[in-house]
$ cat coords14.pdb   # PDB, C-alpha atoms
MODEL        1
ATOM      1  CA  MET A  19     -64.844 -18.243   1.168
ATOM      2  CA  SER A  20     -64.372 -15.764   3.938
ATOM      3  CA  LYS A  21     -61.341 -17.714   5.136
ATOM      4  CA  LEU A  22     -59.699 -17.454   1.707
ATOM      5  CA  PHE A  23     -60.312 -13.748   1.244
ATOM      6  CA  PRO A  24     -57.610 -12.524   3.656
ATOM      7  CA  ARG A  25     -55.025 -14.580   1.754
ATOM      8  CA  ALA A  26     -56.145 -13.133  -1.562
ATOM      9  CA  ALA A  27     -56.110  -9.633  -0.144
ATOM     10  CA  LEU A  28     -52.642 -10.175   1.280
ATOM     11  CA  ALA A  29     -51.347 -11.469  -2.068
ATOM     12  CA  ALA A  30     -52.829  -8.479  -3.855
ATOM     13  CA  ALA A  31     -51.239  -6.109  -1.390
ATOM     14  CA  MET A  32     -47.853  -7.768  -1.871
ATOM     15  CA  LEU A  33     -48.122  -7.443  -5.647
ATOM     16  CA  THR A  34     -49.023  -3.775  -5.266
ATOM     17  CA  LEU A  35     -45.962  -3.138  -3.091
ATOM     18  CA  ALA A  36     -43.720  -4.993  -5.519
ATOM     19  CA  ALA A  37     -45.062  -3.235  -8.606
ATOM     20  CA  PRO A  38     -42.852  -0.100  -8.411
ATOM     21  CA  TRP A  39     -39.700  -2.240  -8.239
ATOM     22  CA  ALA A  40     -40.797  -4.551 -11.025
ATOM     23  CA  ALA A  41     -41.646  -1.567 -13.186
ATOM     24  CA  SER A  42     -38.286   0.105 -12.696
ATOM     25  CA  PRO A  43     -36.054  -0.450 -15.782
ATOM     26  CA  ALA A  44     -32.937   0.412 -13.767
ATOM     27  CA  ALA A  45     -33.766  -2.152 -11.098
ATOM     28  CA  ALA A  46     -34.458  -4.828 -13.659
ATOM     29  CA  GLN A  47     -31.230  -4.007 -15.495
ATOM     30  CA  ASN A  48     -29.165  -4.190 -12.311
ATOM     31  CA  ARG A  49     -30.629  -7.589 -11.411
ATOM     32  CA  ALA A  50     -29.770  -8.978 -14.845
ATOM     33  CA  TYR A  51     -26.432  -7.176 -15.315
ATOM     34  CA  PRO A  52     -24.672  -7.633 -17.620
ATOM     35  CA  THR A  53     -26.923  -8.248 -20.619
ATOM     36  CA  GLN A  54     -24.516  -6.933 -23.274
ATOM     37  CA  PRO A  55     -20.751  -6.603 -23.873
ATOM     38  CA  ILE A  56     -18.776  -4.298 -21.579
ATOM     39  CA  ARG A  57     -16.432  -1.793 -23.162
ATOM     40  CA  VAL A  58     -13.039  -1.364 -21.480
ATOM     41  CA  ILE A  59     -11.242   1.822 -22.549
ATOM     42  CA  VAL A  60      -7.450   1.624 -22.292
ATOM     43  CA  PRO A  61      -6.048   5.181 -22.585
ATOM     44  CA  PHE A  62      -2.591   4.070 -23.719
ATOM     45  CA  SER A  63      -1.059   2.346 -26.741
ATOM     46  CA  ALA A  64      -0.065  -1.324 -26.680
ATOM     47  CA  GLY A  65       2.038  -2.224 -23.662
ATOM     48  CA  THR A  66       1.658  -3.269 -20.036
ATOM     49  CA  SER A  67      -1.667  -1.433 -19.579
ATOM     50  CA  ASP A  68      -3.216  -3.196 -22.553
ATOM     51  CA  THR A  69      -1.861  -6.564 -21.388
ATOM     52  CA  VAL A  70      -3.287  -6.176 -17.874
ATOM     53  CA  ALA A  71      -6.712  -5.118 -19.180
ATOM     54  CA  ARG A  72      -6.931  -8.036 -21.617
ATOM     55  CA  LEU A  73      -5.719 -10.689 -19.154
ATOM     56  CA  VAL A  74      -8.131  -9.686 -16.400
ATOM     57  CA  GLY A  75     -10.965  -8.833 -18.801
ATOM     58  CA  GLN A  76     -10.825 -12.191 -20.529
ATOM     59  CA  LYS A  77     -11.101 -14.043 -17.219
ATOM     60  CA  MET A  78     -13.953 -11.805 -16.037
ATOM     61  CA  SER A  79     -15.857 -12.541 -19.271
ATOM     62  CA  GLU A  80     -16.058 -16.203 -18.280
ATOM     63  CA  THR A  81     -17.983 -15.491 -15.081
ATOM     64  CA  LEU A  82     -19.946 -12.425 -16.198
ATOM     65  CA  GLY A  83     -21.244 -14.223 -19.270
ATOM     66  CA  GLN A  84     -20.511 -11.226 -21.497
ATOM     67  CA  PRO A  85     -17.273 -10.237 -23.258
ATOM     68  CA  LEU A  86     -15.160  -7.339 -22.025
ATOM     69  CA  VAL A  87     -14.108  -5.608 -25.236
ATOM     70  CA  VAL A  88     -10.878  -3.630 -24.956
ATOM     71  CA  GLU A  89     -10.800  -0.337 -26.855
ATOM     72  CA  SER A  90      -7.502   1.536 -27.143
ATOM     73  CA  ARG A  91      -7.833   5.344 -27.002
ATOM     74  CA  PRO A  92      -4.324   6.717 -26.375
ATOM     75  CA  GLY A  93      -3.220  10.328 -26.234
ATOM     76  CA  ALA A  94      -2.356  13.207 -23.891
ATOM     77  CA  GLY A  95      -0.785  10.974 -21.273
ATOM     78  CA  GLY A  96      -3.972   8.962 -20.853
ATOM     79  CA  ASN A  97      -6.288  11.983 -20.636
ATOM     80  CA  ILE A  98      -8.190  11.335 -23.879
ATOM     81  CA  GLY A  99      -9.337   7.824 -23.063
ATOM     82  CA  SER A 100      -9.922   8.625 -19.395
ATOM     83  CA  GLU A 101     -12.135  11.590 -20.295
ATOM     84  CA  ALA A 102     -14.179   9.360 -22.604
ATOM     85  CA  CYS A 103     -14.711   6.989 -19.694
ATOM     86  CA  ALA A 104     -15.661   9.780 -17.282
ATOM     87  CA  ARG A 105     -18.239  11.149 -19.751
ATOM     88  CA  ALA A 106     -19.763   7.751 -20.602
ATOM     89  CA  THR A 107     -23.222   6.710 -19.421
ATOM     90  CA  PRO A 108     -22.804   5.335 -15.874
ATOM     91  CA  ASP A 109     -24.618   2.047 -16.533
ATOM     92  CA  GLY A 110     -21.752  -0.413 -16.102
ATOM     93  CA  TYR A 111     -21.263  -0.990 -19.819
ATOM     94  CA  THR A 112     -18.261   1.338 -20.119
ATOM     95  CA  ILE A 113     -15.327   1.083 -17.745
ATOM     96  CA  CYS A 114     -11.679   1.983 -18.169
ATOM     97  CA  LEU A 115      -8.205   1.052 -17.117
ATOM     98  CA  GLY A 116      -6.541   3.832 -15.140
ATOM     99  CA  THR A 117      -2.913   4.118 -14.118
ATOM    100  CA  ILE A 118      -0.659   6.136 -11.855
ATOM    101  CA  SER A 119      -0.275   8.563 -14.772
ATOM    102  CA  SER A 120      -3.919   9.094 -15.704
ATOM    103  CA  HIS A 121      -5.308   8.995 -12.157
ATOM    104  CA  ALA A 122      -2.573  10.384  -9.891
ATOM    105  CA  ILE A 123       0.164  12.282 -11.737
ATOM    106  CA  ASN A 124      -1.638  14.107 -14.557
ATOM    107  CA  PRO A 125      -3.709  16.416 -12.307
ATOM    108  CA  SER A 126      -0.472  17.984 -11.055
ATOM    109  CA  ILE A 127       1.374  18.374 -14.354
ATOM    110  CA  PHE A 128      -1.282  19.338 -16.908
ATOM    111  CA  VAL A 129      -2.225  23.009 -16.910
ATOM    112  CA  LYS A 130      -5.808  22.067 -17.774
ATOM    113  CA  MET A 131      -7.387  18.696 -17.027
ATOM    114  CA  PRO A 132     -10.514  17.434 -18.853
ATOM    115  CA  TYR A 133     -11.670  15.463 -15.802
ATOM    116  CA  ASP A 134     -11.347  15.304 -12.018
ATOM    117  CA  ASN A 135      -9.481  12.120 -11.128
ATOM    118  CA  LEU A 136     -11.120  11.933  -7.680
ATOM    119  CA  LYS A 137     -14.691  13.013  -8.450
ATOM    120  CA  ASP A 138     -15.470  11.841 -11.984
ATOM    121  CA  PHE A 139     -14.857   8.118 -11.456
ATOM    122  CA  ALA A 140     -16.118   5.246  -9.344
ATOM    123  CA  PRO A 141     -13.044   3.156  -8.459
ATOM    124  CA  ILE A 142     -13.637  -0.585  -8.910
ATOM    125  CA  THR A 143     -10.347  -2.125  -7.782
ATOM    126  CA  GLN A 144      -6.603  -1.761  -8.102
ATOM    127  CA  LEU A 145      -5.582  -4.597 -10.374
ATOM    128  CA  ALA A 146      -1.815  -4.603 -10.220
ATOM    129  CA  ALA A 147       1.409  -2.940  -9.196
ATOM    130  CA  GLN A 148       4.754  -3.225 -10.904
ATOM    131  CA  PRO A 149       8.181  -1.838 -10.106
ATOM    132  CA  ASN A 150      10.102   0.140 -12.636
ATOM    133  CA  ALA A 151      13.727  -0.670 -13.305
ATOM    134  CA  LEU A 152      16.800   1.550 -13.485
ATOM    135  CA  ALA A 153      18.530   0.074 -16.517
ATOM    136  CA  VAL A 154      21.919   1.076 -17.935
ATOM    137  CA  THR A 155      24.114   0.194 -20.881
ATOM    138  CA  ASN A 156      26.742  -2.475 -20.375
ATOM    139  CA  ASP A 157      29.589   0.007 -20.827
ATOM    140  CA  LEU A 158      28.398   2.518 -18.186
ATOM    141  CA  PRO A 159      31.183   2.674 -15.552
ATOM    142  CA  ALA A 160      28.768   2.416 -12.601
ATOM    143  CA  LYS A 161      28.147  -1.164 -11.497
ATOM    144  CA  ASN A 162      25.681  -0.431  -8.689
ATOM    145  CA  ILE A 163      23.450   2.362  -7.378
ATOM    146  CA  GLN A 164      26.077   3.929  -5.131
ATOM    147  CA  GLU A 165      28.609   4.049  -7.969
ATOM    148  CA  LEU A 166      25.943   5.619 -10.192
ATOM    149  CA  ILE A 167      25.251   8.330  -7.624
ATOM    150  CA  THR A 168      28.977   9.055  -7.362
ATOM    151  CA  LEU A 169      29.274   9.197 -11.156
ATOM    152  CA  LEU A 170      26.304  11.560 -11.505
ATOM    153  CA  LYS A 171      27.541  13.878  -8.757
ATOM    154  CA  ALA A 172      30.951  14.097 -10.428
ATOM    155  CA  ASN A 173      29.276  14.932 -13.768
ATOM    156  CA  PRO A 174      26.181  17.071 -13.046
ATOM    157  CA  GLY A 175      23.888  17.301 -16.069
ATOM    158  CA  LYS A 176      26.178  15.218 -18.287
ATOM    159  CA  TYR A 177      24.143  12.020 -18.338
ATOM    160  CA  ASN A 178      20.721  11.676 -19.947
ATOM    161  CA  TYR A 179      18.007   9.342 -18.774
ATOM    162  CA  GLY A 180      15.103   8.222 -20.891
ATOM    163  CA  SER A 181      11.435   7.752 -20.063
ATOM    164  CA  SER A 182       8.229   6.968 -21.907
ATOM    165  CA  GLY A 183       7.150  10.609 -21.934
ATOM    166  CA  VAL A 184       6.933  13.858 -20.004
ATOM    167  CA  GLY A 185       5.015  13.422 -16.778
ATOM    168  CA  THR A 186       4.829   9.627 -16.895
ATOM    169  CA  SER A 187       5.504   7.562 -13.793
ATOM    170  CA  ILE A 188       8.876   6.658 -15.295
ATOM    171  CA  HIS A 189       9.779  10.321 -15.750
ATOM    172  CA  LEU A 190       8.816  11.058 -12.157
ATOM    173  CA  ALA A 191      10.800   8.055 -10.931
ATOM    174  CA  GLY A 192      13.874   9.773 -12.346
ATOM    175  CA  ALA A 193      12.859  13.090 -10.803
ATOM    176  CA  LEU A 194      12.390  11.445  -7.405
ATOM    177  CA  PHE A 195      15.777   9.748  -7.708
ATOM    178  CA  SER A 196      17.474  13.072  -8.415
ATOM    179  CA  GLN A 197      15.653  14.795  -5.539
ATOM    180  CA  LEU A 198      16.614  12.127  -2.998
ATOM    181  CA  THR A 199      20.237  11.754  -4.148
ATOM    182  CA  GLY A 200      21.068  15.370  -4.959
ATOM    183  CA  THR A 201      22.081  14.491  -8.507
ATOM    184  CA  GLU A 202      21.357  16.132 -11.864
ATOM    185  CA  MET A 203      20.337  14.269 -15.017
ATOM    186  CA  GLU A 204      18.860  15.458 -18.296
ATOM    187  CA  HIS A 205      15.486  13.934 -19.088
ATOM    188  CA  VAL A 206      14.883  12.656 -22.637
ATOM    189  CA  PRO A 207      11.277  11.635 -23.371
ATOM    190  CA  TYR A 208      10.521   8.807 -25.790
ATOM    191  CA  ARG A 209       7.211   7.478 -27.068
ATOM    192  CA  GLY A 210       7.233   4.170 -25.261
ATOM    193  CA  SER A 211       9.212   1.282 -23.868
ATOM    194  CA  GLY A 212      10.148  -0.001 -27.313
ATOM    195  CA  GLN A 213      11.980   3.212 -28.170
ATOM    196  CA  ILE A 214      13.641   3.351 -24.761
ATOM    197  CA  MET A 215      15.050  -0.160 -25.080
ATOM    198  CA  THR A 216      16.224   0.517 -28.635
ATOM    199  CA  ALA A 217      18.050   3.636 -27.434
ATOM    200  CA  LEU A 218      19.692   1.738 -24.591
ATOM    201  CA  LEU A 219      20.737  -1.186 -26.777
ATOM    202  CA  SER A 220      22.279   1.156 -29.359
ATOM    203  CA  GLY A 221      24.109   3.227 -26.744
ATOM    204  CA  GLU A 222      22.089   6.336 -27.592
ATOM    205  CA  LEU A 223      21.031   6.466 -23.930
ATOM    206  CA  PRO A 224      23.297   5.634 -20.997
ATOM    207  CA  LEU A 225      20.467   4.916 -18.558
ATOM    208  CA  ALA A 226      16.702   4.842 -18.296
ATOM    209  CA  PHE A 227      13.811   4.166 -15.974
ATOM    210  CA  ASP A 228      11.305   1.805 -17.542
ATOM    211  CA  ASN A 229       8.729  -0.803 -16.575
ATOM    212  CA  PHE A 230      10.446  -3.852 -15.155
ATOM    213  CA  SER A 231       8.600  -6.133 -17.582
ATOM    214  CA  SER A 232      10.096  -4.208 -20.521
ATOM    215  CA  ALA A 233      13.709  -4.161 -19.309
ATOM    216  CA  TRP A 234      13.931  -7.589 -17.687
ATOM    217  CA  PRO A 235      13.988  -9.736 -20.887
ATOM    218  CA  PHE A 236      16.963  -7.751 -22.247
ATOM    219  CA  ALA A 237      18.749  -7.903 -18.904
ATOM    220  CA  LYS A 238      18.331 -11.680 -18.772
ATOM    221  CA  GLU A 239      19.998 -11.901 -22.178
ATOM    222  CA  GLY A 240      22.906  -9.758 -20.946
ATOM    223  CA  LYS A 241      22.202  -6.945 -23.407
ATOM    224  CA  ILE A 242      21.692  -4.315 -20.679
ATOM    225  CA  ARG A 243      22.078  -4.194 -16.900
ATOM    226  CA  ILE A 244      19.484  -3.404 -14.250
ATOM    227  CA  LEU A 245      21.096  -1.655 -11.301
ATOM    228  CA  GLY A 246      17.967  -1.596  -9.152
ATOM    229  CA  VAL A 247      14.217  -1.943  -8.988
ATOM    230  CA  THR A 248      11.999   0.891  -7.786
ATOM    231  CA  SER A 249       9.897  -1.118  -5.327
ATOM    232  CA  ALA A 250      10.635  -0.790  -1.612
ATOM    233  CA  THR A 251      11.855  -4.399  -1.568
ATOM    234  CA  ARG A 252      13.349  -6.740  -4.136
ATOM    235  CA  SER A 253      11.228  -8.282  -6.852
ATOM    236  CA  GLN A 254      10.373 -11.969  -6.476
ATOM    237  CA  THR A 255      10.932 -12.309 -10.216
ATOM    238  CA  ALA A 256      14.576 -11.216  -9.921
ATOM    239  CA  PRO A 257      15.597 -11.411  -6.246
ATOM    240  CA  ASP A 258      19.285 -10.894  -7.045
ATOM    241  CA  ILE A 259      18.637  -7.339  -8.234
ATOM    242  CA  PRO A 260      18.673  -4.893  -5.293
ATOM    243  CA  ALA A 261      15.947  -2.375  -4.571
ATOM    244  CA  ILE A 262      17.115   1.208  -5.051
ATOM    245  CA  ALA A 263      15.745   1.858  -1.547
ATOM    246  CA  GLU A 264      18.551  -0.289  -0.122
ATOM    247  CA  THR A 265      20.921   2.544  -1.090
ATOM    248  CA  VAL A 266      18.473   5.466  -1.236
ATOM    249  CA  PRO A 267      16.152   5.272   1.809
ATOM    250  CA  GLY A 268      12.575   6.255   1.071
ATOM    251  CA  PHE A 269      12.806   5.699  -2.661
ATOM    252  CA  GLU A 270       9.787   3.888  -4.096
ATOM    253  CA  SER A 271       8.051   4.246  -7.433
ATOM    254  CA  LEU A 272       5.501   1.689  -8.577
ATOM    255  CA  SER A 273       3.483   1.717 -11.752
ATOM    256  CA  TRP A 274      -0.071   0.599 -11.009
ATOM    257  CA  HIS A 275      -3.258  -0.208 -12.876
ATOM    258  CA  GLY A 276      -6.891  -0.281 -11.854
ATOM    259  CA  PHE A 277     -10.413  -0.497 -13.201
ATOM    260  CA  PHE A 278     -12.718   2.531 -12.999
ATOM    261  CA  ALA A 279     -16.341   3.208 -13.904
ATOM    262  CA  PRO A 280     -17.882   6.631 -14.516
ATOM    263  CA  ALA A 281     -19.076   8.394 -11.363
ATOM    264  CA  GLY A 282     -22.721   7.627 -10.735
ATOM    265  CA  THR A 283     -22.489   3.968 -11.727
ATOM    266  CA  PRO A 284     -24.879   2.043  -9.406
ATOM    267  CA  PRO A 285     -23.019   0.710  -6.342
ATOM    268  CA  GLU A 286     -24.356  -2.817  -6.902
ATOM    269  CA  ILE A 287     -22.803  -2.872 -10.382
ATOM    270  CA  VAL A 288     -19.488  -1.562  -9.046
ATOM    271  CA  ALA A 289     -19.627  -4.282  -6.383
ATOM    272  CA  ARG A 290     -20.271  -6.974  -9.012
ATOM    273  CA  LEU A 291     -17.378  -5.799 -11.158
ATOM    274  CA  ASN A 292     -15.141  -5.651  -8.085
ATOM    275  CA  LYS A 293     -16.074  -9.219  -7.139
ATOM    276  CA  GLU A 294     -15.344 -10.602 -10.592
ATOM    277  CA  ALA A 295     -12.106  -8.630 -11.041
ATOM    278  CA  VAL A 296     -10.746  -9.797  -7.672
ATOM    279  CA  ALA A 297     -11.660 -13.387  -8.532
ATOM    280  CA  ALA A 298      -9.899 -13.065 -11.889
ATOM    281  CA  LEU A 299      -6.735 -11.810 -10.191
ATOM    282  CA  LYS A 300      -6.745 -14.896  -7.956
ATOM    283  CA  SER A 301      -7.107 -17.311 -10.872
ATOM    284  CA  ASP A 302      -4.134 -19.493 -11.745
ATOM    285  CA  THR A 303      -3.917 -18.272 -15.353
ATOM    286  CA  VAL A 304      -3.811 -14.559 -14.526
ATOM    287  CA  ALA A 305      -1.540 -15.009 -11.491
ATOM    288  CA  ALA A 306       0.955 -17.100 -13.471
ATOM    289  CA  ARG A 307       1.143 -14.601 -16.328
ATOM    290  CA  PHE A 308       1.562 -11.705 -13.886
ATOM    291  CA  ARG A 309       4.484 -13.518 -12.231
ATOM    292  CA  GLU A 310       6.175 -13.939 -15.614
ATOM    293  CA  LEU A 311       5.916 -10.176 -16.172
ATOM    294  CA  GLY A 312       7.025  -9.223 -12.657
ATOM    295  CA  ILE A 313       3.578  -7.803 -11.865
ATOM    296  CA  THR A 314       1.943  -8.121  -8.433
ATOM    297  CA  PRO A 315      -1.858  -8.634  -8.371
ATOM    298  CA  ILE A 316      -3.698  -6.450  -5.829
ATOM    299  CA  GLY A 317      -7.510  -6.715  -5.781
ATOM    300  CA  ASN A 318      -8.642  -4.309  -3.039
ATOM    301  CA  THR A 319     -12.087  -2.849  -2.294
ATOM    302  CA  PRO A 320     -13.432   0.258  -4.066
ATOM    303  CA  GLU A 321     -13.060   2.227  -0.828
ATOM    304  CA  GLU A 322      -9.460   1.113  -0.304
ATOM    305  CA  PHE A 323      -8.637   1.948  -3.906
ATOM    306  CA  ARG A 324     -10.168   5.426  -3.579
ATOM    307  CA  THR A 325      -8.037   6.146  -0.488
ATOM    308  CA  PHE A 326      -4.933   4.908  -2.275
ATOM    309  CA  ILE A 327      -5.562   7.168  -5.288
ATOM    310  CA  ALA A 328      -5.916  10.245  -3.071
ATOM    311  CA  SER A 329      -2.621   9.398  -1.368
ATOM    312  CA  GLU A 330      -0.821   8.847  -4.680
ATOM    313  CA  THR A 331      -2.203  12.100  -6.106
ATOM    314  CA  LYS A 332      -0.708  14.092  -3.233
ATOM    315  CA  ARG A 333       2.608  12.229  -3.203
ATOM    316  CA  TRP A 334       3.385  12.559  -6.903
ATOM    317  CA  GLY A 335       1.995  16.067  -7.015
ATOM    318  CA  ASP A 336       4.684  17.070  -4.530
ATOM    319  CA  VAL A 337       7.409  15.413  -6.644
ATOM    320  CA  ALA A 338       6.167  17.068  -9.844
ATOM    321  CA  ARG A 339       5.983  20.509  -8.262
ATOM    322  CA  ASN A 340       9.491  20.189  -6.790
ATOM    323  CA  ALA A 341      10.800  19.177 -10.213
ATOM    324  CA  LYS A 342       8.738  21.928 -11.937
ATOM    325  CA  ILE A 343       7.259  19.419 -14.374
ATOM    326  CA  GLN A 344       4.357  20.843 -16.351
ATOM    327  CA  VAL A 345       2.600  20.027 -19.598
ATOM    328  CA  GLU A 346       0.633  22.616 -21.549
TER     329      GLU A 346
ENDMDL
END
$ encode --input "coords14.pdb" --output "structure tokens"
Amino acid sequence: MSKLFPRAALAAAMLTLAAPWAASPAAAQNRAYPTQPIRVIVPFSAGTSDTVARLVGQKMSETLGQPLVVESRPGAGGNIGSEACARATPDGYTICLGTISSHAINPSIFVKMPYDNLKDFAPITQLAAQPNALAVTNDLPAKNIQELITLLKANPGKYNYGSSGVGTSIHLAGALFSQLTGTEMEHVPYRGSGQIMTALLSGELPLAFDNFSSAWPFAKEGKIRILGVTSATRSQTAPDIPAIAETVPGFESLSWHGFFAPAGTPPEIVARLNKEAVAALKSDTVAARFRELGITPIGNTPEEFRTFIASETKRWGDVARNAKIQVE
């Protein structure tokens, strides 16, 4: 009996030490996560952002064992949905899709921001990057980037360019182009890619910056022309189209998307979401669909993504201030 007592005492001591952890609801929840559907707020209307969130979210659902339910909350350049994400309970059951607009550009162009893009979120991973395209009507005299620059310099302020809204990445792509080439264009904001393409096809607009995935189908059909892509190098989807940087050194403007959780979300949950998102990006189904759309999957660590966001915030803030772009 005396020989058995030390074992019993040791077992009791181990149970006592384990009791605080077993009694902790947060610890139990983290071990079992997720036990319910995960809400994914997309702060923009239907388009590339929604597509990326649904493609990756659907694949993640298969391994997480719970559905990722996409909720569209557009408005104020992505600020409305992003604020809802930042203010949500940091338990891993609400995340959001953020973009270059909502998490890098907006802090520099909105007079008052409802959230801090660097402090109010826990970055999960950058999902994707996509070049924009400089598209023109078929009857525009310029046949390449250099001819366009010459045309714009000979006619300062005469030509309009369209974008999907004031302060969007597409708007700032045009501003950056003007700053680097010394040209002047009038900016005309539209409400999305659909309106931009309609305006180009009808001849209402002579040129526009838009997401590559929006312009490329019309260019393939010969209805418009793409003079250049805004990535530093050519797109694998359309290698015959030059990068604007080949004519304008230093020009680069990529639209990007990433998953974010509210600040304060437990690191182990962020790590789990990162793991599953990166795995989804490497899957054949997601990778194939991204290639069709001219989108490059990324899948970095939370720390790498955080560093990238800080860099993008400074870079586009400088462009916006130089162009005096501001939204009340």
$ axis_aligned_box --input "coords14.pdb" --around "range 271-280 of chain A" --padding-each-side "4 Å" --output "JSON"
{"center_x": -4.9, "center_y": 3.1, "center_z": -11.0, "size_x": 33.9, "size_y": 15.1, "size_z": 15.1}
$ resolve_selection --input "coords14.pdb" --expression "the PyMOL selection byres ((chain A and resi 250) around 12)" --output "list in words"
Gln148, Pro149, Asn150, Gly246, Val247, Thr248, Ser249, Thr251, Arg252, Ser253, Pro260, Ala261, Ile262, Ala263, Glu264, Thr265, Val266, Pro267, Gly268, Phe269, Glu270, Ser271 and Leu272 of chain A
$ residues_around --input "coords14.pdb" --residues "Thr186 in chain A" --least-positions-apart "2" --cutoff "9 Å" --atoms "all atoms listed in the file" --output "list in words"
Gly95, Ile118, Ser119, Ser120, Ile123, Asn124, Ser181, Ser182, Gly183, Val184, Ile188, His189, Leu190 and Ala191 of chain A
$ write_last_selection --input "coords14.pdb" --atoms "C-alpha atoms" --output "CSV table (one decimal), in the coordinates of the input"
chain,number,residue,atom,x,y,z
A,95,GLY,CA,-0.8,11.0,-21.3
A,118,ILE,CA,-0.7,6.1,-11.9
A,119,SER,CA,-0.3,8.6,-14.8
A,120,SER,CA,-3.9,9.1,-15.7
A,123,ILE,CA,0.2,12.3,-11.7
A,124,ASN,CA,-1.6,14.1,-14.6
A,181,SER,CA,11.4,7.8,-20.1
A,182,SER,CA,8.2,7.0,-21.9
A,183,GLY,CA,7.2,10.6,-21.9
A,184,VAL,CA,6.9,13.9,-20.0
A,188,ILE,CA,8.9,6.7,-15.3
A,189,HIS,CA,9.8,10.3,-15.8
A,190,LEU,CA,8.8,11.1,-12.2
A,191,ALA,CA,10.8,8.1,-10.9
$ resolve_selection --input "coords14.pdb" --expression "the PyMOL selection byres ((chain A and resi 278) around 8)" --output "short mmCIF file (atom, residue, chain, number, x, y, z; two decimals) with C-alpha atoms, keeping the file's coordinate frame"
data_model
loop_
_atom_site.label_atom_id
_atom_site.label_comp_id
_atom_site.auth_asym_id
_atom_site.auth_seq_id
_atom_site.Cartn_x
_atom_site.Cartn_y
_atom_site.Cartn_z
CA ILE A 113 -15.33 1.08 -17.74
CA CYS A 114 -11.68 1.98 -18.17
CA LEU A 115 -8.20 1.05 -17.12
CA GLY A 116 -6.54 3.83 -15.14
CA PHE A 139 -14.86 8.12 -11.46
CA ALA A 140 -16.12 5.25 -9.34
CA PRO A 141 -13.04 3.16 -8.46
CA ILE A 142 -13.64 -0.58 -8.91
CA THR A 143 -10.35 -2.12 -7.78
CA GLY A 276 -6.89 -0.28 -11.85
CA PHE A 277 -10.41 -0.50 -13.20
CA ALA A 279 -16.34 3.21 -13.90
CA PRO A 280 -17.88 6.63 -14.52
#
$ resolve_selection --input "coords14.pdb" --expression "the PyMOL selection byres ((chain A and resi 91) around 8)" --output "PyMOL selection string"
chain A and resi 59-63+89-90+92-93+98-99
$ decode --input "coords14.pdb" --residues "range 294-306 of chain A" --atoms "N, CA and C atoms" --output "mmCIF file, in the first residue's frame"
data_model
loop_
_atom_site.group_PDB
_atom_site.id
_atom_site.type_symbol
_atom_site.label_atom_id
_atom_site.label_comp_id
_atom_site.auth_asym_id
_atom_site.auth_seq_id
_atom_site.Cartn_x
_atom_site.Cartn_y
_atom_site.Cartn_z
ATOM 1 N N GLU A 294 -4.121 27.175 -42.780
ATOM 2 C CA GLU A 294 -5.153 26.684 -43.685
ATOM 3 C C GLU A 294 -5.286 27.562 -44.932
ATOM 4 N N ALA A 295 -5.099 28.877 -44.772
ATOM 5 C CA ALA A 295 -5.178 29.771 -45.931
ATOM 6 C C ALA A 295 -4.028 29.506 -46.898
ATOM 7 N N VAL A 296 -2.820 29.335 -46.367
ATOM 8 C CA VAL A 296 -1.655 29.059 -47.211
ATOM 9 C C VAL A 296 -1.831 27.734 -47.942
ATOM 10 N N ALA A 297 -2.360 26.731 -47.240
ATOM 11 C CA ALA A 297 -2.613 25.439 -47.877
ATOM 12 C C ALA A 297 -3.645 25.555 -48.991
ATOM 13 N N ALA A 298 -4.677 26.375 -48.754
ATOM 14 C CA ALA A 298 -5.710 26.575 -49.774
ATOM 15 C C ALA A 298 -5.126 27.226 -51.027
ATOM 16 N N LEU A 299 -4.227 28.185 -50.827
ATOM 17 C CA LEU A 299 -3.614 28.870 -51.966
ATOM 18 C C LEU A 299 -2.762 27.924 -52.810
ATOM 19 N N LYS A 300 -2.236 26.877 -52.169
ATOM 20 C CA LYS A 300 -1.387 25.917 -52.881
ATOM 21 C C LYS A 300 -2.184 24.805 -53.540
ATOM 22 N N SER A 301 -3.484 24.745 -53.274
ATOM 23 C CA SER A 301 -4.316 23.690 -53.847
ATOM 24 C C SER A 301 -4.475 23.885 -55.346
ATOM 25 N N ASP A 302 -4.669 22.804 -56.061
ATOM 26 C CA ASP A 302 -4.781 22.868 -57.518
ATOM 27 C C ASP A 302 -5.982 23.694 -57.965
ATOM 28 N N THR A 303 -7.109 23.554 -57.257
ATOM 29 C CA THR A 303 -8.333 24.248 -57.686
ATOM 30 C C THR A 303 -8.195 25.762 -57.567
ATOM 31 N N VAL A 304 -7.671 26.228 -56.432
ATOM 32 C CA VAL A 304 -7.514 27.671 -56.239
ATOM 33 C C VAL A 304 -6.438 28.218 -57.168
ATOM 34 N N ALA A 305 -5.304 27.521 -57.268
ATOM 35 C CA ALA A 305 -4.204 27.987 -58.114
ATOM 36 C C ALA A 305 -4.624 28.088 -59.578
ATOM 37 N N ALA A 306 -5.385 27.110 -60.051
ATOM 38 C CA ALA A 306 -5.829 27.116 -61.448
ATOM 39 C C ALA A 306 -6.770 28.284 -61.727
#
